[in-house]
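Asks: Data: work15.cif, mmCIF, C-alpha atoms.
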```cif
data_protein
#
loop_
_atom_site.label_atom_id
_atom_site.label_comp_id
_atom_site.auth_asym_id
_atom_site.auth_seq_id
_atom_site.Cartn_x
_atom_site.Cartn_y
_atom_site.Cartn_z
CA MET N 362 -46.04 -4.66 -21.15
CA ALA N 363 -48.74 -7.20 -21.89
CA PHE N 364 -50.32 -9.21 -19.12
CA GLY N 365 -53.16 -11.00 -20.91
CA ARG N 366 -56.85 -10.58 -20.26
CA ARG N 367 -58.36 -8.98 -17.20
CA PHE N 368 -59.87 -11.75 -15.11
CA LEU N 369 -60.72 -10.22 -11.73
CA LEU N 370 -62.69 -7.17 -12.81
CA PRO N 371 -65.77 -7.83 -10.62
CA LEU N 372 -63.54 -8.11 -7.57
CA CYS N 373 -61.62 -4.97 -8.48
CA LEU N 374 -64.73 -2.87 -8.91
CA ALA N 375 -65.70 -3.77 -5.36
CA PHE N 376 -62.87 -1.56 -4.16
CA PRO N 377 -62.12 0.85 -2.65
CA LEU N 378 -63.29 -0.22 0.80
CA LEU N 379 -62.62 1.37 4.16
CA GLY N 380 -59.04 2.57 4.32
CA ALA N 381 -58.76 3.17 0.58
CA PRO N 382 -57.50 6.48 -0.81
CA ASP N 383 -59.75 9.38 -1.86
CA TRP N 384 -60.10 8.42 -5.52
CA ASN N 385 -62.41 11.33 -6.33
CA THR N 386 -59.43 13.65 -5.89
CA LEU N 387 -56.54 11.43 -6.98
CA ASN N 388 -58.12 10.32 -10.28
CA ARG N 389 -57.85 13.86 -11.65
CA GLY N 390 -54.06 13.58 -11.58
CA ILE N 391 -53.99 10.31 -13.55
CA VAL N 392 -54.28 10.01 -17.34
CA LYS N 393 -54.64 7.39 -20.05
CA VAL N 394 -51.77 7.37 -22.57
CA GLU N 395 -52.15 5.99 -26.10
CA ALA N 396 -49.06 5.46 -28.26
CA VAL N 397 -49.73 4.83 -31.97
CA LYS N 398 -47.13 2.41 -33.38
CA LYS N 399 -46.54 0.82 -36.76
CA ALA N 400 -47.18 -2.67 -35.50
CA VAL N 401 -49.33 -2.81 -32.37
CA SER N 402 -50.28 0.40 -30.59
CA GLU N 403 -49.76 0.47 -26.84
CA ILE N 404 -51.87 1.95 -24.08
CA GLY N 405 -50.73 2.78 -20.59
CA ALA N 406 -51.31 5.25 -17.79
CA GLY N 407 -49.53 8.39 -16.64
CA ILE N 408 -49.26 10.94 -13.84
CA VAL N 409 -49.55 14.73 -14.23
CA ILE N 410 -46.29 16.15 -12.87
CA ALA N 411 -46.68 19.80 -13.99
CA ALA N 412 -49.75 21.72 -15.15
CA SER N 413 -50.46 25.27 -16.29
CA PRO N 414 -52.88 26.83 -18.81
CA ASP N 415 -50.07 26.59 -21.40
CA SER N 416 -48.65 23.11 -20.78
CA ILE N 417 -49.40 19.81 -19.09
CA ARG N 418 -46.48 17.43 -18.55
CA ILE N 419 -47.03 13.77 -17.78
CA VAL N 420 -44.66 11.02 -16.72
CA THR N 421 -45.39 7.56 -18.09
CA ALA N 422 -43.51 4.35 -18.88
CA ALA N 423 -40.84 4.78 -21.55
CA HIS N 424 -41.69 1.43 -23.14
CA VAL N 425 -45.30 2.54 -23.68
CA VAL N 426 -44.41 5.60 -25.74
CA ALA N 427 -41.16 4.43 -27.36
CA GLU N 428 -41.06 4.02 -31.17
CA ALA N 429 -44.52 5.56 -31.58
CA THR N 430 -45.51 7.83 -34.45
CA ALA N 431 -48.14 9.73 -32.45
CA TRP N 432 -49.20 10.09 -28.84
CA LYS N 433 -52.58 10.91 -27.27
CA VAL N 434 -53.62 11.64 -23.70
CA TYR N 435 -57.07 11.24 -22.14
CA PHE N 436 -57.89 13.12 -18.95
CA TYR N 437 -60.24 11.98 -16.20
CA SER N 438 -62.35 15.13 -16.55
CA ASP N 439 -63.34 14.15 -20.12
CA ARG N 440 -62.34 10.59 -20.89
CA ALA N 441 -63.78 10.66 -24.41
CA VAL N 442 -61.54 13.47 -25.71
CA GLY N 443 -57.98 12.70 -26.78
CA TYR N 444 -55.31 15.44 -26.68
CA THR N 445 -52.33 15.20 -28.99
CA ALA N 446 -49.08 14.94 -27.04
CA THR N 447 -45.39 15.33 -27.81
CA LEU N 448 -42.63 13.08 -26.46
CA LEU N 449 -40.02 15.23 -24.73
CA PRO N 450 -36.30 14.41 -24.93
CA ASN N 451 -34.40 12.84 -22.05
CA SER N 452 -36.03 9.60 -20.97
CA SER N 453 -34.75 7.41 -18.14
CA ASP N 454 -34.21 3.98 -19.66
CA ALA N 455 -32.92 2.63 -16.36
CA LEU N 456 -36.19 3.39 -14.57
CA ASP N 457 -38.37 3.08 -17.72
CA LEU N 458 -39.65 6.66 -17.44
CA ALA N 459 -40.54 9.18 -20.14
CA VAL N 460 -42.24 12.59 -20.14
CA ILE N 461 -44.84 13.72 -22.67
CA GLU N 462 -46.35 17.19 -23.02
CA VAL N 463 -49.79 18.45 -24.04
CA LEU N 464 -50.05 22.01 -25.39
CA PRO N 465 -53.17 24.07 -26.21
CA GLN N 466 -54.73 22.92 -29.47
CA GLY N 467 -57.34 25.53 -30.30
CA ARG N 468 -59.10 24.85 -27.00
CA ALA N 469 -58.30 25.40 -23.37
CA LEU N 470 -56.39 22.67 -21.62
CA PRO N 471 -58.08 20.83 -18.75
CA GLY N 472 -57.39 22.25 -15.31
CA ASN N 473 -58.10 21.64 -11.64
CA PHE N 474 -55.37 19.03 -11.28
CA PRO N 475 -54.57 18.00 -7.72
CA ARG N 476 -51.06 18.12 -6.38
CA LEU N 477 -50.55 14.45 -5.67
CA PRO N 478 -49.02 13.72 -2.27
CA VAL N 479 -45.79 11.73 -2.16
CA ARG N 480 -44.85 9.16 0.45
CA ASP N 481 -41.60 9.74 2.33
CA ARG N 482 -38.50 8.47 0.56
CA ASP N 483 -37.76 4.77 1.20
CA ALA N 484 -40.81 4.46 3.47
CA VAL N 485 -42.35 1.51 1.58
CA ARG N 486 -42.31 -1.67 3.65
CA VAL N 487 -42.95 -5.35 2.96
CA ASP N 488 -46.63 -6.27 3.55
CA ASP N 489 -47.78 -2.66 3.01
CA ARG N 490 -51.08 -2.45 1.15
CA VAL N 491 -50.76 -0.45 -2.06
CA TRP N 492 -53.15 0.46 -4.85
CA THR N 493 -52.49 0.51 -8.57
CA VAL N 494 -54.54 2.50 -11.08
CA ASP N 495 -54.91 1.46 -14.73
CA ARG N 496 -55.72 3.32 -17.95
CA GLU N 497 -59.47 3.21 -17.17
CA TRP N 498 -59.06 4.55 -13.63
CA VAL N 499 -59.77 1.14 -12.08
CA HIS N 500 -58.19 0.77 -8.64
CA ILE N 501 -56.60 -2.51 -7.61
CA GLU N 502 -55.49 -3.54 -4.13
CA ASN N 503 -52.04 -5.15 -3.88
CA THR N 504 -49.39 -6.04 -1.28
CA VAL N 505 -45.69 -5.17 -1.28
CA VAL N 506 -43.57 -8.36 -1.29
CA ARG N 507 -39.98 -7.15 -1.94
CA LEU N 508 -38.09 -3.87 -1.52
CA ASP N 509 -35.91 -4.45 -4.57
CA HIS N 510 -36.14 -6.06 -8.00
CA ALA N 511 -33.26 -8.20 -9.23
CA ALA N 512 -31.13 -6.58 -6.50
CA ASP N 513 -31.96 -3.07 -7.79
CA THR N 514 -33.21 -1.02 -4.84
CA HIS N 515 -34.69 1.68 -7.09
CA PHE N 516 -37.68 -0.67 -7.49
CA PHE N 517 -40.04 -2.71 -5.35
CA GLU N 518 -42.22 -5.71 -6.14
CA TYR N 519 -45.83 -6.29 -5.21
CA THR N 520 -48.54 -8.88 -5.73
CA ARG N 521 -51.04 -8.52 -8.54
CA ARG N 522 -54.71 -9.26 -8.07
CA GLU N 523 -55.37 -9.06 -11.78
CA VAL N 524 -53.49 -9.28 -15.05
CA ASP N 525 -54.01 -6.79 -17.88
CA ASP N 526 -52.45 -4.14 -20.08
CA GLY N 527 -52.81 -0.49 -19.18
CA PHE N 528 -51.03 -0.12 -15.84
CA SER N 529 -47.56 0.74 -17.15
CA GLY N 530 -46.62 4.29 -16.21
CA GLY N 531 -49.49 4.54 -13.75
CA PRO N 532 -49.26 5.37 -10.06
CA VAL N 533 -48.90 3.11 -7.05
CA PHE N 534 -50.54 4.69 -4.00
CA ASP N 535 -50.48 3.73 -0.33
CA ASP N 536 -53.55 3.58 1.91
CA ASP N 537 -53.33 7.31 2.64
CA GLY N 538 -53.42 8.21 -1.06
CA ARG N 539 -49.70 9.06 -1.21
CA LEU N 540 -47.64 8.19 -4.27
CA ALA N 541 -45.28 5.33 -3.51
CA GLY N 542 -44.15 4.34 -7.01
CA ILE N 543 -44.70 4.22 -10.77
CA HIS N 544 -45.74 0.88 -12.25
CA ARG N 545 -43.21 -0.56 -14.67
CA GLY N 546 -44.47 -4.03 -15.58
CA GLY N 547 -44.82 -7.61 -14.43
CA GLY N 548 -42.55 -10.55 -13.81
CA ALA N 549 -42.61 -14.29 -13.31
CA GLY N 550 -45.50 -14.78 -15.68
CA GLY N 551 -47.62 -12.12 -14.01
CA ARG N 552 -47.24 -13.47 -10.46
CA TYR N 553 -45.88 -10.15 -9.27
CA ALA N 554 -45.45 -6.58 -10.53
CA VAL N 555 -42.60 -4.08 -10.41
CA ALA N 556 -42.69 -0.35 -9.64
CA ALA N 557 -40.00 2.33 -9.56
CA LYS N 558 -39.85 3.87 -6.10
CA LEU N 559 -41.27 7.37 -6.22
CA GLY N 560 -38.20 8.98 -4.67
CA SER N 561 -35.95 7.36 -7.26
CA ALA N 562 -38.31 8.45 -10.04
CA ILE N 563 -38.31 12.09 -8.89
CA ASP N 564 -34.51 12.07 -8.66
CA ALA N 565 -34.23 10.63 -12.18
CA LEU N 566 -36.67 13.16 -13.63
CA ALA N 567 -34.88 16.06 -11.93
CA ALA N 568 -31.53 14.89 -13.31
CA LEU N 569 -33.07 14.93 -16.79
CA GLY N 570 -34.33 18.49 -16.33
CA HIS N 571 -37.99 17.69 -15.62
CA ASN N 572 -39.64 19.53 -12.72
CA THR N 573 -42.46 17.88 -10.77
CA PRO N 574 -44.45 20.66 -9.05
CA ASN N 575 -47.68 18.63 -9.14
CA VAL N 576 -46.30 16.00 -6.81
CA MET N 577 -45.42 17.03 -3.27
CA ARG N 578 -44.12 15.54 -0.08
CA ALA N 579 -47.06 14.75 2.16
CA GLY N 580 -47.82 13.16 5.49
CA ARG N 581 -50.54 11.72 7.67
CA VAL N 582 -52.62 13.45 10.32
CA GLY N 583 -50.28 14.02 13.25
CA ASP N 584 -47.11 14.09 11.13
CA THR N 585 -44.77 17.03 11.66
CA ARG N 586 -41.76 18.44 9.82
CA VAL N 587 -39.21 21.05 10.86
CA ASN N 588 -38.43 23.70 8.27
CA ALA N 589 -34.66 24.14 8.18
CA LYS N 590 -34.96 27.79 7.11
CA ASP N 591 -36.90 29.05 10.11
CA GLY N 592 -36.62 26.17 12.59
CA LEU N 593 -40.37 26.02 13.10
CA THR N 594 -42.48 22.87 13.16
CA TYR N 595 -45.15 22.34 10.49
CA VAL N 596 -48.12 19.99 10.79
CA TRP N 597 -49.73 17.98 8.00
CA VAL N 598 -53.34 19.07 7.31
CA PRO N 599 -55.05 16.46 5.10
CA ALA N 600 -57.38 17.09 2.19
CA GLY N 601 -61.09 17.05 2.97
CA SER N 602 -64.33 18.99 3.01
CA PHE N 603 -65.98 21.10 5.71
CA THR N 604 -68.75 23.60 6.32
CA MET N 605 -67.24 27.09 6.22
CA GLY N 606 -68.91 29.99 7.97
CA CYS N 607 -71.28 30.41 10.89
CA SER N 608 -71.22 27.35 13.17
CA PRO N 609 -74.43 25.57 14.20
CA GLY N 610 -75.94 27.24 17.27
CA ASP N 611 -73.48 30.17 17.20
CA ASN N 612 -75.46 33.36 17.93
CA GLU N 613 -72.43 35.66 17.66
CA CYS N 614 -71.99 35.33 13.89
CA ARG N 615 -71.75 38.44 11.75
CA ASP N 616 -73.20 38.81 8.27
CA ALA N 617 -69.73 38.28 6.74
CA GLU N 618 -69.79 34.71 8.10
CA LYS N 619 -73.10 33.82 6.44
CA PRO N 620 -74.40 31.71 4.90
CA PRO N 621 -72.49 28.61 5.97
CA HIS N 622 -71.47 26.58 2.93
CA VAL N 623 -69.57 23.42 2.09
CA GLU N 624 -65.99 23.86 0.85
CA GLN N 625 -63.50 21.32 -0.48
CA ILE N 626 -59.78 21.28 0.33
CA ALA N 627 -58.47 19.33 -2.65
CA ASN N 628 -54.85 19.12 -1.49
CA GLY N 629 -53.36 18.56 1.92
CA PHE N 630 -50.73 21.05 3.12
CA TRP N 631 -48.13 21.67 5.80
CA LEU N 632 -49.19 24.49 8.16
CA GLY N 633 -47.17 26.12 10.92
CA GLN N 634 -47.89 24.36 14.20
CA THR N 635 -47.73 27.76 15.86
CA GLU N 636 -47.75 31.36 14.82
CA VAL N 637 -44.37 32.57 13.56
CA THR N 638 -42.27 33.43 16.60
CA GLN N 639 -40.01 36.41 17.09
CA ALA N 640 -37.00 34.08 17.23
CA ALA N 641 -37.90 32.60 13.84
CA TRP N 642 -38.47 36.07 12.38
CA ALA N 643 -35.06 37.22 13.62
CA ASN N 644 -33.37 34.16 12.09
CA VAL N 645 -35.00 34.74 8.70
CA LYS N 646 -35.57 38.50 8.38
CA GLY N 647 -33.46 40.22 11.02
CA PRO N 648 -34.65 43.11 13.27
CA ASN N 649 -37.70 42.33 15.39
CA PRO N 650 -40.63 44.71 14.71
CA SER N 651 -42.82 43.47 17.56
CA HIS N 652 -44.30 45.63 20.31
CA PHE N 653 -44.20 42.87 22.94
CA LYS N 654 -40.71 41.36 22.76
CA SER N 655 -39.55 37.85 23.62
CA ASP N 656 -38.24 35.02 21.46
CA GLN N 657 -41.23 32.68 21.85
CA LEU N 658 -43.91 35.35 21.58
CA PRO N 659 -45.61 35.55 18.18
CA VAL N 660 -44.10 38.17 15.90
CA GLU N 661 -46.56 41.04 15.39
CA SER N 662 -46.63 44.55 13.99
CA VAL N 663 -45.87 43.16 10.51
CA ASP N 664 -47.95 44.10 7.51
CA TRP N 665 -49.45 41.71 4.96
CA SER N 666 -46.59 42.02 2.45
CA GLN N 667 -43.97 41.44 5.13
CA ALA N 668 -45.79 38.32 6.29
CA GLY N 669 -46.08 36.99 2.76
CA ASN N 670 -42.43 37.75 2.03
CA TYR N 671 -41.36 35.81 5.13
CA CYS N 672 -43.38 32.80 3.98
CA GLU N 673 -41.84 32.99 0.51
CA THR N 674 -38.35 33.20 2.02
CA ILE N 675 -38.82 29.96 3.95
CA GLY N 676 -40.25 28.24 0.86
CA GLY N 677 -43.96 28.69 1.48
CA ARG N 678 -46.87 31.08 1.37
CA LEU N 679 -49.69 32.51 3.47
CA PRO N 680 -52.66 30.16 3.84
CA THR N 681 -55.84 30.96 2.00
CA GLU N 682 -58.79 31.91 4.17
CA LYS N 683 -60.48 28.61 3.32
CA GLU N 684 -57.40 26.62 4.30
CA TRP N 685 -57.10 28.61 7.52
CA GLU N 686 -60.65 27.90 8.69
CA TYR N 687 -60.46 24.24 7.67
CA ALA N 688 -57.24 23.86 9.67
CA ALA N 689 -58.62 25.79 12.65
CA ARG N 690 -61.73 23.62 12.87
CA ALA N 691 -59.81 20.33 12.46
CA GLY N 692 -63.11 18.53 12.04
CA ALA N 693 -64.99 20.43 14.76
CA ALA N 694 -68.30 21.96 13.69
CA SER N 695 -68.58 24.16 16.79
CA ALA N 696 -67.46 27.78 17.10
CA ARG N 697 -64.30 26.70 18.96
CA TYR N 698 -62.36 23.44 19.16
CA GLY N 699 -62.46 23.59 22.96
CA SER N 700 -63.54 25.85 25.80
CA LEU N 701 -62.54 29.49 25.32
CA ASP N 702 -59.93 29.77 28.07
CA ALA N 703 -58.48 26.33 27.31
CA VAL N 704 -57.68 27.13 23.68
CA ALA N 705 -57.26 30.91 23.35
CA TRP N 706 -55.56 33.95 24.85
CA ASN N 707 -58.21 36.66 24.75
CA LEU N 708 -59.31 39.86 26.44
CA GLY N 709 -60.50 37.98 29.51
CA ASN N 710 -57.30 36.06 30.30
CA SER N 711 -54.35 37.63 28.49
CA GLY N 712 -53.45 40.33 30.99
CA GLY N 713 -53.07 42.82 28.16
CA THR N 714 -50.23 41.12 26.29
CA THR N 715 -49.37 38.33 23.88
CA HIS N 716 -48.11 35.01 25.28
CA PRO N 717 -45.53 32.40 24.20
CA VAL N 718 -46.89 30.20 21.44
CA GLY N 719 -48.08 26.68 22.14
CA LEU N 720 -49.21 27.05 25.75
CA LYS N 721 -52.90 26.54 25.13
CA GLN N 722 -54.68 23.33 24.10
CA ALA N 723 -54.03 22.18 20.52
CA ASN N 724 -56.83 21.38 18.10
CA GLY N 725 -57.50 18.06 16.41
CA PHE N 726 -54.71 18.54 13.86
CA GLY N 727 -52.17 19.43 16.56
CA LEU N 728 -52.19 23.17 15.79
CA TYR N 729 -51.80 25.75 18.57
CA ASP N 730 -53.24 29.25 18.95
CA MET N 731 -55.46 29.07 15.88
CA LEU N 732 -57.78 31.12 18.08
CA GLY N 733 -56.53 34.07 20.13
CA ASN N 734 -53.06 35.42 20.90
CA VAL N 735 -52.79 37.36 17.59
CA TRP N 736 -54.94 37.71 14.52
CA GLU N 737 -53.38 35.98 11.51
CA TRP N 738 -52.97 37.31 7.98
CA THR N 739 -54.31 35.15 5.15
CA ALA N 740 -53.76 35.37 1.41
CA ASP N 741 -57.30 36.51 0.53
CA ASP N 742 -59.09 39.83 0.12
CA PHE N 743 -61.79 40.87 2.60
CA ASP N 744 -62.99 43.55 0.24
CA ALA N 745 -61.45 45.89 -2.34
CA GLY N 746 -59.04 47.54 0.09
CA ARG N 747 -58.48 45.03 2.88
CA LYS N 748 -56.98 41.59 3.49
CA VAL N 749 -58.59 38.89 5.62
CA VAL N 750 -57.33 38.27 9.14
CA ARG N 751 -58.58 35.31 11.16
CA GLY N 752 -58.61 33.88 14.67
CA GLY N 753 -58.99 36.80 17.06
CA SER N 754 -56.37 38.09 19.48
CA TRP N 755 -55.21 38.73 23.02
CA ASP N 756 -57.21 41.98 23.14
CA GLY N 757 -60.36 40.58 21.51
CA ASP N 758 -63.71 39.72 23.01
CA THR N 759 -65.36 36.33 22.64
CA ARG N 760 -67.05 37.31 19.38
CA GLY N 761 -63.71 37.62 17.61
CA VAL N 762 -62.22 34.41 18.99
CA ARG N 763 -64.24 31.89 16.97
CA ALA N 764 -63.37 29.61 14.04
CA SER N 765 -65.65 31.47 11.62
CA SER N 766 -64.89 35.02 12.76
CA ARG N 767 -63.52 37.20 9.93
CA GLY N 768 -61.75 40.53 10.07
CA GLY N 769 -60.34 42.83 7.41
CA ASP N 770 -57.37 45.19 7.57
CA GLY N 771 -55.48 47.26 5.03
CA PRO N 772 -52.39 45.40 3.79
CA SER N 773 -50.06 48.14 5.07
CA ILE N 774 -51.47 48.01 8.63
CA ARG N 775 -49.00 47.01 11.37
CA PHE N 776 -50.82 46.34 14.63
CA TYR N 777 -49.46 44.64 17.73
CA ASN N 778 -52.38 42.22 17.62
CA ILE N 779 -51.73 40.83 14.09
CA GLY N 780 -49.24 38.09 13.26
CA PHE N 781 -49.31 35.11 10.91
CA ARG N 782 -48.31 31.52 10.21
CA CYS N 783 -47.19 29.94 6.93
CA VAL N 784 -47.98 27.03 4.67
CA ALA N 785 -44.61 25.40 3.90
CA GLU N 786 -43.47 23.14 1.06
CA PHE N 787 -41.27 20.09 1.70
CA HIS N 788 -39.63 18.35 -1.26
#
```
Kindly transcribe the structure held in the file into structure tokens.

Replies:
Amino acid sequence: MAFGRRFLLPLCLAFPLLGAPDWNTLNRGIVKVEAVKKAVSEIGAGIVIAASPDSIRIVTAAHVVAEATAWKVYFYSDRAVGYTATLLPNSSDALDLAVIEVLPQGRALPGNFPRLPVRDRDAVRVDDRVWTVDREWVHIENTVVRLDHAADTHFFEYTRREVDDGFSGGPVFDDDGRLAGIHRGGGAGGRYAVAAKLGSAIDALAALGHNTPNVMRAGRVGDTRVNAKDGLTYVWVPAGSFTMGCSPGDNECRDAEKPPHVEQIANGFWLGQTEVTQAAWANVKGPNPSHFKSDQLPVESVDWSQAGNYCETIGGRLPTEKEWEYAARAGAASARYGSLDAVAWNLGNSGGTTHPVGLKQANGFGLYDMLGNVWEWTADDFDAGRKVVRGGSWDGDTRGVRASSRGGDGPSIRFYNIGFRCVAEFH
């Protein structure tokens, strides 16, 4: 929909300020959409909802792409190159949503798309600050003013700090960089704008047969969710960067922890607040394989495949080694996120056994037993024949119970000092 000429561009380019989303990551999931029409061509924005080497699917505004003879998509990674797109069947006229698809065209498709986090359903509130993104990846600060539009609660209205084409089909983010809606158009002569609520949009797309794996339910630091399949609590770990490997001043580092290097966690994730317990294992998988037995002790004596299968069964996966260390540090650059005995069961205080999860001090993300109690399987290879385990254990010395400490065991090994925790997905 047309909104006239952009008149607040200098103000808009001053953003984002403190409290704004991480645009360096989010921009990669937003595209420019060009619809070639017989009369006047239309340009809008879109959101990558599914991406693979063979196909990229994008949701945009139905009115942008309707009645066009050709469609092109421009990605943030190379804004000068247009990719021919195809309009897929099954649009949602009620919510003004359509899906277009880009296929390989004699060249590899762009990659490295983030999984955009989604705000909880119906969590938008009046006076919330939200951010719109236009076809040129310009970010505009706005304010929610109504939780419906013309009595339709699938939409919300917000103020507009500028008036221009190019926002239709683009995302509306909250201050934490979570998707809150999809911009539809303006009203009242441009005095306000309208967006489809993200939960309503996902429901509509699913009903039309469109999956949205590149958008995911997300949270804020400190948020928790209970997984209905295993009954365990999962903690939101936000995206960010950190220095992986030997901590400053740590004289116990092994060669496998060097050199320290900066790593980026492009997508936040939900990680088990504790190691998987024996009670949770029994609920999901049945017989308890552990050497030390009690419901709230961590399950152990499981091999790498068994751990991964459990995570898949509850709708998740094992964390990567990079994710594990980032979560364990929780912003701390030191070898541990607290004093040894305060945070970890180890050789010096365990009494020769594992202990119920969650008794020691949590780290900055609210995660327990990231150090000590049992080593934890990760998804990555240590070398050609072994998988990485992290965190140290009840029978380990101080050298093993550090954030950067790395171990490797054969994937078929079942020791009573190795357990695991999962990354879970919430939709």

Asks: Using the chain letters and residue numbers of this document, give as a PyMOL selection string the residues selected by the PyMOL selection byres ((chain N and resi 669-676) around 12).

Replies: chain N and resi 587-593+595+631-633+636-638+641-647+660+663-668+677-681+737-741+748+772+780-788

Asks: Fewer than 6 positions away in the same chain doesn't count, so skip those; otherwise give me all residues within 7 Å of stretch 456-469 of chain N, counting only C-alpha atoms, as a list in words.

Replies: Asp415, Ser416, Ile417, Arg418, Ile419, Val420, Thr421, Ala422, Ala423, His424, Tyr444, Thr445, Ala446, Thr447, Leu448, Leu449, Arg545 and Ala557 of chain N

Asks: Any chance you could resolve the PyMOL selection byres ((chain N and resi 429-436) around 7) against this file and give the residues as a VMD selection string?

Replies: chain N and resid 392 to 398 426 to 428 437 to 440 442 to 447

Asks: Given the file shown, enumerate the residues that the PyMOL selection byres ((chain N and resi 699) around 12) captures and present them as an MDAnalysis selection string.

Replies: chainID N and resid 689:691 693:698 700:705 721:725 729:732 762:764

Asks: Compile the contact shell of N:Trp492 as a PyMOL selection string: residues with an atom at most 9 Å away, counting all atoms listed in the file, same-chain residues fewer than 4 positions apart removed.

Replies: chain N and resi 381-382+500-504+532-536+538

Asks: Can I get the selected residues back with C-alpha atoms, as an mmCIF file, keeping the file's coordinate frame?

Replies:
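The new file selection_18.cif reads:
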```cif
data_model
loop_
_atom_site.group_PDB
_atom_site.id
_atom_site.type_symbol
_atom_site.label_atom_id
_atom_site.label_comp_id
_atom_site.auth_asym_id
_atom_site.auth_seq_id
_atom_site.Cartn_x
_atom_site.Cartn_y
_atom_site.Cartn_z
ATOM 1 C CA ALA N 381 -58.760 3.170 0.580
ATOM 2 C CA PRO N 382 -57.500 6.480 -0.810
ATOM 3 C CA HIS N 500 -58.190 0.770 -8.640
ATOM 4 C CA ILE N 501 -56.600 -2.510 -7.610
ATOM 5 C CA GLU N 502 -55.490 -3.540 -4.130
ATOM 6 C CA ASN N 503 -52.040 -5.150 -3.880
ATOM 7 C CA THR N 504 -49.390 -6.040 -1.280
ATOM 8 C CA PRO N 532 -49.260 5.370 -10.060
ATOM 9 C CA VAL N 533 -48.900 3.110 -7.050
ATOM 10 C CA PHE N 534 -50.540 4.690 -4.000
ATOM 11 C CA ASP N 535 -50.480 3.730 -0.330
ATOM 12 C CA ASP N 536 -53.550 3.580 1.910
ATOM 13 C CA GLY N 538 -53.420 8.210 -1.060
#
```

Asks: What gap, in Å, lies between atom CA of N:Gly407 and atom CA of N:Val598?

Replies: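 It comes out at 26.5 Å.
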
Asks: Around all the atoms of stretch 715-721 of chain N listed in the file, with 6 Å of room on each side, what axis-aligned box do you get, giving centre and edge lengths in Å to one decimal, as JSON?

Replies:
```
{"center_x": -49.2, "center_y": 32.4, "center_z": 23.6, "size_x": 19.4, "size_y": 23.8, "size_z": 16.3}
```

Asks: List as a VMD selection string the protein and nucleic acid residues near stretch 514-518 of chain N, meaning an atom at most 10 Å away when only C-alpha atoms are counted, but skip any in the same chain fewer than 3 places from it.

Replies: chain N and resid 455 to 456 483 485 to 487 504 to 511 521 541 to 548 553 to 562

Asks: Keeping only C-alpha atoms, write the selected residues to a file as a CSV table (one decimal), keeping the file's coordinate frame.

Replies:
```
chain,number,residue,atom,x,y,z
N,455,ALA,CA,-32.9,2.6,-16.4
N,456,LEU,CA,-36.2,3.4,-14.6
N,483,ASP,CA,-37.8,4.8,1.2
N,485,VAL,CA,-42.4,1.5,1.6
N,486,ARG,CA,-42.3,-1.7,3.6
N,487,VAL,CA,-43.0,-5.4,3.0
N,504,THR,CA,-49.4,-6.0,-1.3
N,505,VAL,CA,-45.7,-5.2,-1.3
N,506,VAL,CA,-43.6,-8.4,-1.3
N,507,ARG,CA,-40.0,-7.2,-1.9
N,508,LEU,CA,-38.1,-3.9,-1.5
N,509,ASP,CA,-35.9,-4.4,-4.6
N,510,HIS,CA,-36.1,-6.1,-8.0
N,511,ALA,CA,-33.3,-8.2,-9.2
N,521,ARG,CA,-51.0,-8.5,-8.5
N,541,ALA,CA,-45.3,5.3,-3.5
N,542,GLY,CA,-44.2,4.3,-7.0
N,543,ILE,CA,-44.7,4.2,-10.8
N,544,HIS,CA,-45.7,0.9,-12.2
N,545,ARG,CA,-43.2,-0.6,-14.7
N,546,GLY,CA,-44.5,-4.0,-15.6
N,547,GLY,CA,-44.8,-7.6,-14.4
N,548,GLY,CA,-42.6,-10.6,-13.8
N,553,TYR,CA,-45.9,-10.2,-9.3
N,554,ALA,CA,-45.4,-6.6,-10.5
N,555,VAL,CA,-42.6,-4.1,-10.4
N,556,ALA,CA,-42.7,-0.4,-9.6
N,557,ALA,CA,-40.0,2.3,-9.6
N,558,LYS,CA,-39.8,3.9,-6.1
N,559,LEU,CA,-41.3,7.4,-6.2
N,560,GLY,CA,-38.2,9.0,-4.7
N,561,SER,CA,-36.0,7.4,-7.3
N,562,ALA,CA,-38.3,8.4,-10.0
```

Asks: I'd like to know which of N:Gly390, N:Pro620, N:Pro450, N:Gly610 is closest to N:Pro475, using all atoms listed in the file.

Replies: N:Gly390

Asks: Atom CA of N:Glu618 and atom CA of N:Met605 are how many Å apart?

Replies: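 Atom CA of N:Met605 lies at a distance of 8.3 Å from atom CA of N:Glu618.
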
Asks: Rounded to one decimal place, report the atom CA of N:Asp481-atom CA of N:Met577 distance in Å.

Replies: 10.0 Å

Asks: Which polymer residues, whether protein, DNA or RNA, lie within 9 Å of the coordinate (-55.9, 23.9, -11.9) when you count only C-alpha atoms? List them as a PyMOL selection string, using the chain letters and numbers from the file.

Replies: chain N and resi 412-414+471-475

Asks: Would you put the residues from that selection into a file with C-alpha atoms, as a JSON list (two decimals), in the coordinates of the input?

Replies:
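Generated file (out.json):
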```json
[["chain", "number", "residue", "atom", "x", "y", "z"],
["N", 412, "ALA", "CA", -49.75, 21.72, -15.15],
["N", 413, "SER", "CA", -50.46, 25.27, -16.29],
["N", 414, "PRO", "CA", -52.88, 26.83, -18.81],
["N", 471, "PRO", "CA", -58.08, 20.83, -18.75],
["N", 472, "GLY", "CA", -57.39, 22.25, -15.31],
["N", 473, "ASN", "CA", -58.10, 21.64, -11.64],
["N", 474, "PHE", "CA", -55.37, 19.03, -11.28],
["N", 475, "PRO", "CA", -54.57, 18.00, -7.72]]
```

Asks: Taking into account only C-alpha atoms, which residue in the set N:Ser773, N:Gly583, N:Ser765, N:Leu477 is nearest to N:Ser662?

Replies: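 Nearest to N:Ser662: N:Ser773.
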